[in-house]
>>> print(open('final-v8.pdb').read())   # PDB, C-alpha atoms
MODEL        1
ATOM      1  CA  GLY A1145     -62.371  47.232 -46.675
ATOM      2  CA  SER A1146     -60.391  48.337 -49.662
ATOM      3  CA  ASP A1147     -59.432  51.758 -48.250
ATOM      4  CA  VAL A1148     -59.575  53.799 -45.013
ATOM      5  CA  GLU A1149     -63.155  55.047 -45.607
ATOM      6  CA  ASN A1150     -64.508  51.644 -46.740
ATOM      7  CA  ASP A1151     -65.476  49.142 -44.028
ATOM      8  CA  GLU A1152     -67.003  46.629 -46.449
ATOM      9  CA  PRO A1153     -65.036  43.352 -46.402
ATOM     10  CA  THR A1154     -62.959  42.532 -49.440
ATOM     11  CA  LEU A1155     -63.172  38.903 -50.493
ATOM     12  CA  THR A1156     -60.234  37.427 -52.404
ATOM     13  CA  VAL A1157     -60.663  33.905 -53.726
ATOM     14  CA  ILE A1158     -57.395  31.966 -53.916
ATOM     15  CA  PRO A1159     -57.701  29.157 -56.446
ATOM     16  CA  GLN A1160     -56.687  25.696 -55.314
ATOM     17  CA  ASN A1161     -53.853  24.310 -57.437
ATOM     18  CA  PRO A1162     -52.954  20.821 -56.224
ATOM     19  CA  SER A1163     -49.718  19.444 -57.649
ATOM     20  CA  VAL A1164     -47.275  16.685 -56.753
ATOM     21  CA  PHE A1165     -43.711  16.068 -57.980
ATOM     22  CA  ILE A1166     -41.616  12.910 -57.877
ATOM     23  CA  GLN A1167     -37.961  12.402 -58.803
ATOM     24  CA  LYS A1168     -36.180   9.061 -58.837
ATOM     25  CA  GLU A1169     -32.393   8.777 -58.961
ATOM     26  CA  ALA A1170     -30.075   5.795 -58.976
ATOM     27  CA  VAL A1171     -27.059   5.866 -56.659
ATOM     28  CA  LEU A1172     -24.231   4.545 -58.851
ATOM     29  CA  PHE A1173     -20.495   4.226 -58.517
ATOM     30  CA  ALA A1174     -19.935   3.264 -62.191
ATOM     31  CA  ASN A1175     -21.547   3.944 -65.580
ATOM     32  CA  GLU A1176     -22.862   0.389 -65.781
ATOM     33  CA  VAL A1177     -24.060  -2.093 -63.227
ATOM     34  CA  VAL A1178     -23.441  -5.828 -63.370
ATOM     35  CA  MET A1179     -25.529  -8.857 -62.601
ATOM     36  CA  TYR A1180     -26.359  -9.235 -58.878
ATOM     37  CA  ASP A1181     -25.320  -5.655 -58.042
ATOM     38  CA  ASN A1182     -27.496  -4.102 -55.347
ATOM     39  CA  VAL A1183     -28.569  -0.743 -56.793
ATOM     40  CA  SER A1184     -29.953   1.917 -54.434
ATOM     41  CA  PHE A1185     -32.545   4.457 -55.519
ATOM     42  CA  ASN A1186     -33.493   7.762 -53.915
ATOM     43  CA  ILE A1187     -37.084   8.927 -54.344
ATOM     44  CA  LEU A1188     -38.048  12.548 -53.659
ATOM     45  CA  VAL A1189     -41.731  13.468 -53.422
ATOM     46  CA  ALA A1190     -42.785  17.113 -53.050
ATOM     47  CA  ASN A1191     -46.078  18.946 -52.742
ATOM     48  CA  THR A1192     -45.631  21.647 -55.392
ATOM     49  CA  GLY A1193     -49.212  22.917 -55.132
ATOM     50  CA  ASN A1194     -50.888  25.310 -52.737
ATOM     51  CA  VAL A1195     -53.140  22.848 -50.848
ATOM     52  CA  THR A1196     -52.420  19.994 -48.446
ATOM     53  CA  LEU A1197     -52.345  16.559 -50.061
ATOM     54  CA  TYR A1198     -53.821  13.541 -48.278
ATOM     55  CA  ASN A1199     -53.247   9.782 -48.501
ATOM     56  CA  VAL A1200     -49.984  10.255 -50.396
ATOM     57  CA  LEU A1201     -49.061   6.856 -51.849
ATOM     58  CA  VAL A1202     -45.549   6.272 -53.239
ATOM     59  CA  GLU A1203     -44.863   3.024 -55.110
ATOM     60  CA  ASP A1204     -41.869   1.483 -56.845
ATOM     61  CA  PRO A1205     -43.165  -1.801 -58.322
ATOM     62  CA  LEU A1206     -39.745  -3.095 -59.393
ATOM     63  CA  THR A1207     -38.319  -2.970 -55.863
ATOM     64  CA  GLY A1208     -41.607  -3.680 -54.088
ATOM     65  CA  PHE A1209     -41.472  -0.346 -52.248
ATOM     66  CA  ILE A1210     -44.811   1.040 -51.002
ATOM     67  CA  GLN A1211     -45.177   3.934 -48.564
ATOM     68  CA  GLU A1212     -48.296   5.863 -47.614
ATOM     69  CA  THR A1213     -48.255   9.166 -45.762
ATOM     70  CA  THR A1214     -51.396  10.670 -44.228
ATOM     71  CA  GLN A1215     -50.773  14.235 -45.380
ATOM     72  CA  LEU A1216     -48.212  16.426 -47.111
ATOM     73  CA  PRO A1217     -48.540  20.224 -46.655
ATOM     74  CA  PRO A1218     -47.698  22.656 -49.490
ATOM     75  CA  GLY A1219     -43.952  23.132 -49.946
ATOM     76  CA  GLU A1220     -43.064  20.025 -47.917
ATOM     77  CA  SER A1221     -41.197  17.009 -49.281
ATOM     78  CA  LEU A1222     -40.478  13.390 -48.414
ATOM     79  CA  ASN A1223     -37.362  11.324 -49.150
ATOM     80  CA  PHE A1224     -37.254   7.560 -49.479
ATOM     81  CA  THR A1225     -34.612   4.973 -50.315
ATOM     82  CA  THR A1226     -35.144   1.570 -51.879
ATOM     83  CA  SER A1227     -32.931  -0.955 -53.643
ATOM     84  CA  TYR A1228     -32.963  -3.611 -56.357
ATOM     85  CA  ILE A1229     -30.687  -6.545 -57.133
ATOM     86  CA  VAL A1230     -29.817  -6.717 -60.834
ATOM     87  CA  GLN A1231     -31.225  -9.912 -62.345
ATOM     88  CA  ILE A1232     -29.980 -12.228 -65.110
ATOM     89  CA  SER A1233     -32.781 -10.987 -67.379
ATOM     90  CA  ASP A1234     -31.499  -7.400 -66.943
ATOM     91  CA  ALA A1235     -27.985  -8.469 -67.958
ATOM     92  CA  THR A1236     -29.377 -10.321 -70.976
ATOM     93  CA  ALA A1237     -31.357  -7.237 -72.062
ATOM     94  CA  GLY A1238     -28.432  -4.910 -71.359
ATOM     95  CA  GLN A1239     -30.567  -2.532 -69.318
ATOM     96  CA  PHE A1240     -33.540  -2.167 -67.016
ATOM     97  CA  LYS A1241     -36.021   0.601 -66.366
ATOM     98  CA  ASN A1242     -37.224   1.476 -62.894
ATOM     99  CA  GLU A1243     -40.238   3.729 -62.432
ATOM    100  CA  ALA A1244     -41.778   5.186 -59.294
ATOM    101  CA  PHE A1245     -45.298   6.558 -58.932
ATOM    102  CA  VAL A1246     -47.044   8.908 -56.532
ATOM    103  CA  ASN A1247     -50.712   9.709 -56.168
ATOM    104  CA  ALA A1248     -52.568  11.764 -53.592
ATOM    105  CA  LYS A1249     -55.925  13.390 -52.985
ATOM    106  CA  THR A1250     -56.991  16.877 -52.029
ATOM    107  CA  PHE A1251     -59.496  17.696 -49.298
ATOM    108  CA  ASN A1252     -62.302  17.762 -51.884
ATOM    109  CA  GLY A1253     -61.239  14.388 -53.376
ATOM    110  CA  SER A1254     -59.386  15.504 -56.503
ATOM    111  CA  LEU A1255     -56.620  13.102 -57.528
ATOM    112  CA  VAL A1256     -53.103  14.247 -58.419
ATOM    113  CA  GLU A1257     -50.402  11.898 -59.635
ATOM    114  CA  ALA A1258     -46.913  11.826 -61.136
ATOM    115  CA  SER A1259     -44.179   9.371 -62.077
ATOM    116  CA  SER A1260     -40.434   9.340 -62.601
ATOM    117  CA  SER A1261     -38.223   6.704 -64.167
ATOM    118  CA  VAL A1262     -34.570   5.882 -64.606
ATOM    119  CA  THR A1263     -33.056   3.443 -67.101
ATOM    120  CA  LEU A1264     -29.786   1.780 -66.138
ATOM    121  CA  GLN A1265     -27.310   0.111 -68.452
ATOM    122  CA  VAL A1266     -26.272  -3.383 -67.393
ATOM    123  CA  GLU A1267     -23.089  -5.110 -68.501
ATOM    124  CA  ARG A1268     -24.256  -7.899 -70.814
ATOM    125  CA  CYS A1269     -23.583 -11.535 -70.012
TER
ENDMDL
END
>>> encode(input="final-v8.pdb", output="structure tokens")
Amino acid sequence: GSDVENDEPTLTVIPQNPSVFIQKEAVLFANEVVMYDNVSFNILVANTGNVTLYNVLVEDPLTGFIQETTQLPPGESLNFTTSYIVQISDATAGQFKNEAFVNAKTFNGSLVEASSSVTLQVERC
């Protein structure tokens, strides 16, 4: 109840707010990378909502990274590392963009998704 004399149950509805966050960072030792450098990337994925997320799929198409996790409780996070070898086409363009994606579902099937990208400067040929 709501006070000492009231035995009637009080019902409080907590709204479900699913949310997912992703952050991608390049691990660099210089301002620019050069052709054939092996660049490492850290990917952080966090459940920033108040419900458990299921079938959490993290993808980085440029590096070919794919990871699926069965569930991610609220407030929990995952860390991943992947890498990419700088190509001739990147050096010709002077840069390349790398983007990572995450999508997940809630218990009732709602989809949440996010992305994060980083653009790296490449020493031109």
>>> residues_around(input="final-v8.pdb", residues="A:Thr1214", least_positions_apart="6", cutoff="7 Å", atoms="only C-alpha atoms", output="VMD selection string")
chain A and resid 1198 to 1200
>>> closest_residue(input="final-v8.pdb", among="A:Ile1229, A:Val1148, A:Val1195, A:Leu1206", to="A:Thr1250", atoms="all atoms listed in the file")
A:Val1195
>>> resolve_selection(input="final-v8.pdb", expression="the PyMOL selection byres ((chain A and resi 1176) around 9)", output="JSON list (two decimals) with C-alpha atoms, in the coordinates of the input")
[["chain", "number", "residue", "atom", "x", "y", "z"],
["A", 1172, "LEU", "CA", -24.23, 4.54, -58.85],
["A", 1173, "PHE", "CA", -20.50, 4.23, -58.52],
["A", 1174, "ALA", "CA", -19.93, 3.26, -62.19],
["A", 1175, "ASN", "CA", -21.55, 3.94, -65.58],
["A", 1177, "VAL", "CA", -24.06, -2.09, -63.23],
["A", 1178, "VAL", "CA", -23.44, -5.83, -63.37],
["A", 1239, "GLN", "CA", -30.57, -2.53, -69.32],
["A", 1264, "LEU", "CA", -29.79, 1.78, -66.14],
["A", 1265, "GLN", "CA", -27.31, 0.11, -68.45],
["A", 1266, "VAL", "CA", -26.27, -3.38, -67.39],
["A", 1267, "GLU", "CA", -23.09, -5.11, -68.50]]
>>> atom_distance(input="final-v8.pdb", atom1="atom CA of A:Thr1213", atom2="atom CA of A:Val1262")
23.5 Å
>>> resolve_selection(input="final-v8.pdb", expression="the PyMOL selection byres ((chain A and resi 1234-1236) around 6)", output="JSON list (two decimals) with C-alpha atoms, in the frame of the given file")
[["chain", "number", "residue", "atom", "x", "y", "z"],
["A", 1179, "MET", "CA", -25.53, -8.86, -62.60],
["A", 1231, "GLN", "CA", -31.22, -9.91, -62.34],
["A", 1232, "ILE", "CA", -29.98, -12.23, -65.11],
["A", 1233, "SER", "CA", -32.78, -10.99, -67.38],
["A", 1237, "ALA", "CA", -31.36, -7.24, -72.06],
["A", 1238, "GLY", "CA", -28.43, -4.91, -71.36],
["A", 1239, "GLN", "CA", -30.57, -2.53, -69.32],
["A", 1240, "PHE", "CA", -33.54, -2.17, -67.02],
["A", 1266, "VAL", "CA", -26.27, -3.38, -67.39],
["A", 1267, "GLU", "CA", -23.09, -5.11, -68.50],
["A", 1268, "ARG", "CA", -24.26, -7.90, -70.81],
["A", 1269, "CYS", "CA", -23.58, -11.54, -70.01]]
>>> atom_distance(input="final-v8.pdb", atom1="atom CA of A:Gly1219", atom2="atom CA of A:Lys1168")
18.4 Å
>>> closest_residue(input="final-v8.pdb", among="A:Gln1215, A:Gln1160, A:Asn1182, A:Asn1242", to="A:Ser1254", atoms="all atoms listed in the file")
A:Gln1160
>>> atom_distance(input="final-v8.pdb", atom1="atom CA of A:Phe1209", atom2="atom CA of A:Leu1222")
14.3 Å
>>> closest_residue(input="final-v8.pdb", among="A:Pro1205, A:Tyr1228, A:Ala1248, A:Val1256", to="A:Asn1161", atoms="all atoms listed in the file")
A:Val1256
>>> resolve_selection(input="final-v8.pdb", expression="the PyMOL selection byres ((chain A and resi 1244) around 8)", output="PyMOL selection string")
chain A and resi 1166+1168+1187+1202-1205+1242-1243+1245-1246+1259-1261
>>> residues_near_point(input="final-v8.pdb", point="(-44.6, 14.1, -55.0)", cutoff="8 Å", atoms="all atoms listed in the file", output="JSON, numbers by chain")
{"A": [1163, 1164, 1165, 1166, 1167, 1188, 1189, 1190, 1191, 1192, 1221, 1222, 1246, 1247, 1257, 1258]}
>>> write_last_selection(input="final-v8.pdb", atoms="C-alpha atoms", output="PDB file, in the frame of the given file")
ATOM      1  CA  SER A1163     -49.718  19.444 -57.649  1.00  0.00           C
ATOM      2  CA  VAL A1164     -47.275  16.685 -56.753  1.00  0.00           C
ATOM      3  CA  PHE A1165     -43.711  16.068 -57.980  1.00  0.00           C
ATOM      4  CA  ILE A1166     -41.616  12.910 -57.877  1.00  0.00           C
ATOM      5  CA  GLN A1167     -37.961  12.402 -58.803  1.00  0.00           C
ATOM      6  CA  LEU A1188     -38.048  12.548 -53.659  1.00  0.00           C
ATOM      7  CA  VAL A1189     -41.731  13.468 -53.422  1.00  0.00           C
ATOM      8  CA  ALA A1190     -42.785  17.113 -53.050  1.00  0.00           C
ATOM      9  CA  ASN A1191     -46.078  18.946 -52.742  1.00  0.00           C
ATOM     10  CA  THR A1192     -45.631  21.647 -55.392  1.00  0.00           C
ATOM     11  CA  SER A1221     -41.197  17.009 -49.281  1.00  0.00           C
ATOM     12  CA  LEU A1222     -40.478  13.390 -48.414  1.00  0.00           C
ATOM     13  CA  VAL A1246     -47.044   8.908 -56.532  1.00  0.00           C
ATOM     14  CA  ASN A1247     -50.712   9.709 -56.168  1.00  0.00           C
ATOM     15  CA  GLU A1257     -50.402  11.898 -59.635  1.00  0.00           C
ATOM     16  CA  ALA A1258     -46.913  11.826 -61.136  1.00  0.00           C
TER      17      ALA A1258
END
>>> axis_aligned_box(input="final-v8.pdb", around="stretch 1160-1168 of chain A", padding_each_side="5 Å", output="lines of an AutoDock Vina configuration file")
center_x = -46.4
center_y = 17.4
center_z = -57.1
size_x = 30.5
size_y = 26.6
size_z = 13.5
>>> closest_residue(input="final-v8.pdb", among="A:Ser1184, A:Thr1196, A:Asn1223, A:Gln1211", to="A:Lys1249", atoms="all atoms listed in the file")
A:Thr1196
>>> build_atoms(input="final-v8.pdb", residues="stretch 1145-1171 of chain A", atoms="N, CA and C atoms", output="compact mmCIF listing (two decimals), in the coordinates of the input")
# COMPACT_ATOMS: atom_id res chain seq x y z
N GLY A 1145 -62.04 46.44 -45.52
CA GLY A 1145 -62.37 47.23 -46.68
C GLY A 1145 -61.17 47.47 -47.56
N SER A 1146 -61.44 48.11 -48.67
CA SER A 1146 -60.39 48.34 -49.66
C SER A 1146 -59.66 49.65 -49.46
N ASP A 1147 -60.17 50.54 -48.61
CA ASP A 1147 -59.43 51.76 -48.25
C ASP A 1147 -59.88 52.22 -46.87
N VAL A 1148 -59.34 53.33 -46.37
CA VAL A 1148 -59.58 53.80 -45.01
C VAL A 1148 -61.05 54.11 -44.78
N GLU A 1149 -61.75 54.65 -45.75
CA GLU A 1149 -63.16 55.05 -45.61
C GLU A 1149 -64.12 53.90 -45.88
N ASN A 1150 -63.64 52.76 -46.34
CA ASN A 1150 -64.51 51.64 -46.74
C ASN A 1150 -64.38 50.51 -45.73
N ASP A 1151 -65.47 50.23 -45.01
CA ASP A 1151 -65.48 49.14 -44.03
C ASP A 1151 -66.08 47.85 -44.58
N GLU A 1152 -66.46 47.84 -45.84
CA GLU A 1152 -67.00 46.63 -46.45
C GLU A 1152 -65.87 45.62 -46.63
N PRO A 1153 -66.10 44.35 -46.25
CA PRO A 1153 -65.04 43.35 -46.40
C PRO A 1153 -64.69 43.11 -47.87
N THR A 1154 -63.43 42.88 -48.11
CA THR A 1154 -62.96 42.53 -49.44
C THR A 1154 -62.71 41.03 -49.46
N LEU A 1155 -63.31 40.35 -50.39
CA LEU A 1155 -63.17 38.90 -50.49
C LEU A 1155 -62.25 38.57 -51.66
N THR A 1156 -61.17 37.85 -51.37
CA THR A 1156 -60.23 37.43 -52.40
C THR A 1156 -60.24 35.91 -52.45
N VAL A 1157 -60.63 35.35 -53.57
CA VAL A 1157 -60.66 33.90 -53.73
C VAL A 1157 -59.30 33.44 -54.24
N ILE A 1158 -58.68 32.53 -53.50
CA ILE A 1158 -57.40 31.97 -53.92
C ILE A 1158 -57.68 30.59 -54.52
N PRO A 1159 -57.40 30.44 -55.81
CA PRO A 1159 -57.70 29.16 -56.45
C PRO A 1159 -56.83 28.03 -55.88
N GLN A 1160 -57.43 26.85 -55.77
CA GLN A 1160 -56.69 25.70 -55.31
C GLN A 1160 -55.97 25.08 -56.52
N ASN A 1161 -54.67 24.90 -56.38
CA ASN A 1161 -53.85 24.31 -57.44
C ASN A 1161 -53.06 23.14 -56.87
N PRO A 1162 -53.69 21.97 -56.74
CA PRO A 1162 -52.95 20.82 -56.22
C PRO A 1162 -51.94 20.32 -57.24
N SER A 1163 -50.77 19.94 -56.76
CA SER A 1163 -49.72 19.44 -57.65
C SER A 1163 -48.73 18.62 -56.83
N VAL A 1164 -48.25 17.53 -57.43
CA VAL A 1164 -47.28 16.68 -56.75
C VAL A 1164 -46.13 16.41 -57.73
N PHE A 1165 -44.93 16.29 -57.19
CA PHE A 1165 -43.71 16.07 -57.98
C PHE A 1165 -43.00 14.85 -57.42
N ILE A 1166 -42.43 14.04 -58.31
CA ILE A 1166 -41.62 12.91 -57.88
C ILE A 1166 -40.36 12.85 -58.73
N GLN A 1167 -39.24 12.55 -58.10
CA GLN A 1167 -37.96 12.40 -58.80
C GLN A 1167 -37.27 11.16 -58.27
N LYS A 1168 -36.87 10.30 -59.20
CA LYS A 1168 -36.18 9.06 -58.84
C LYS A 1168 -34.76 9.12 -59.39
N GLU A 1169 -33.79 8.79 -58.55
CA GLU A 1169 -32.39 8.78 -58.96
C GLU A 1169 -31.73 7.50 -58.49
N ALA A 1170 -30.87 6.96 -59.35
CA ALA A 1170 -30.08 5.80 -58.98
C ALA A 1170 -28.78 6.28 -58.34
N VAL A 1171 -28.33 5.57 -57.31
CA VAL A 1171 -27.06 5.87 -56.66
C VAL A 1171 -26.05 4.88 -57.25
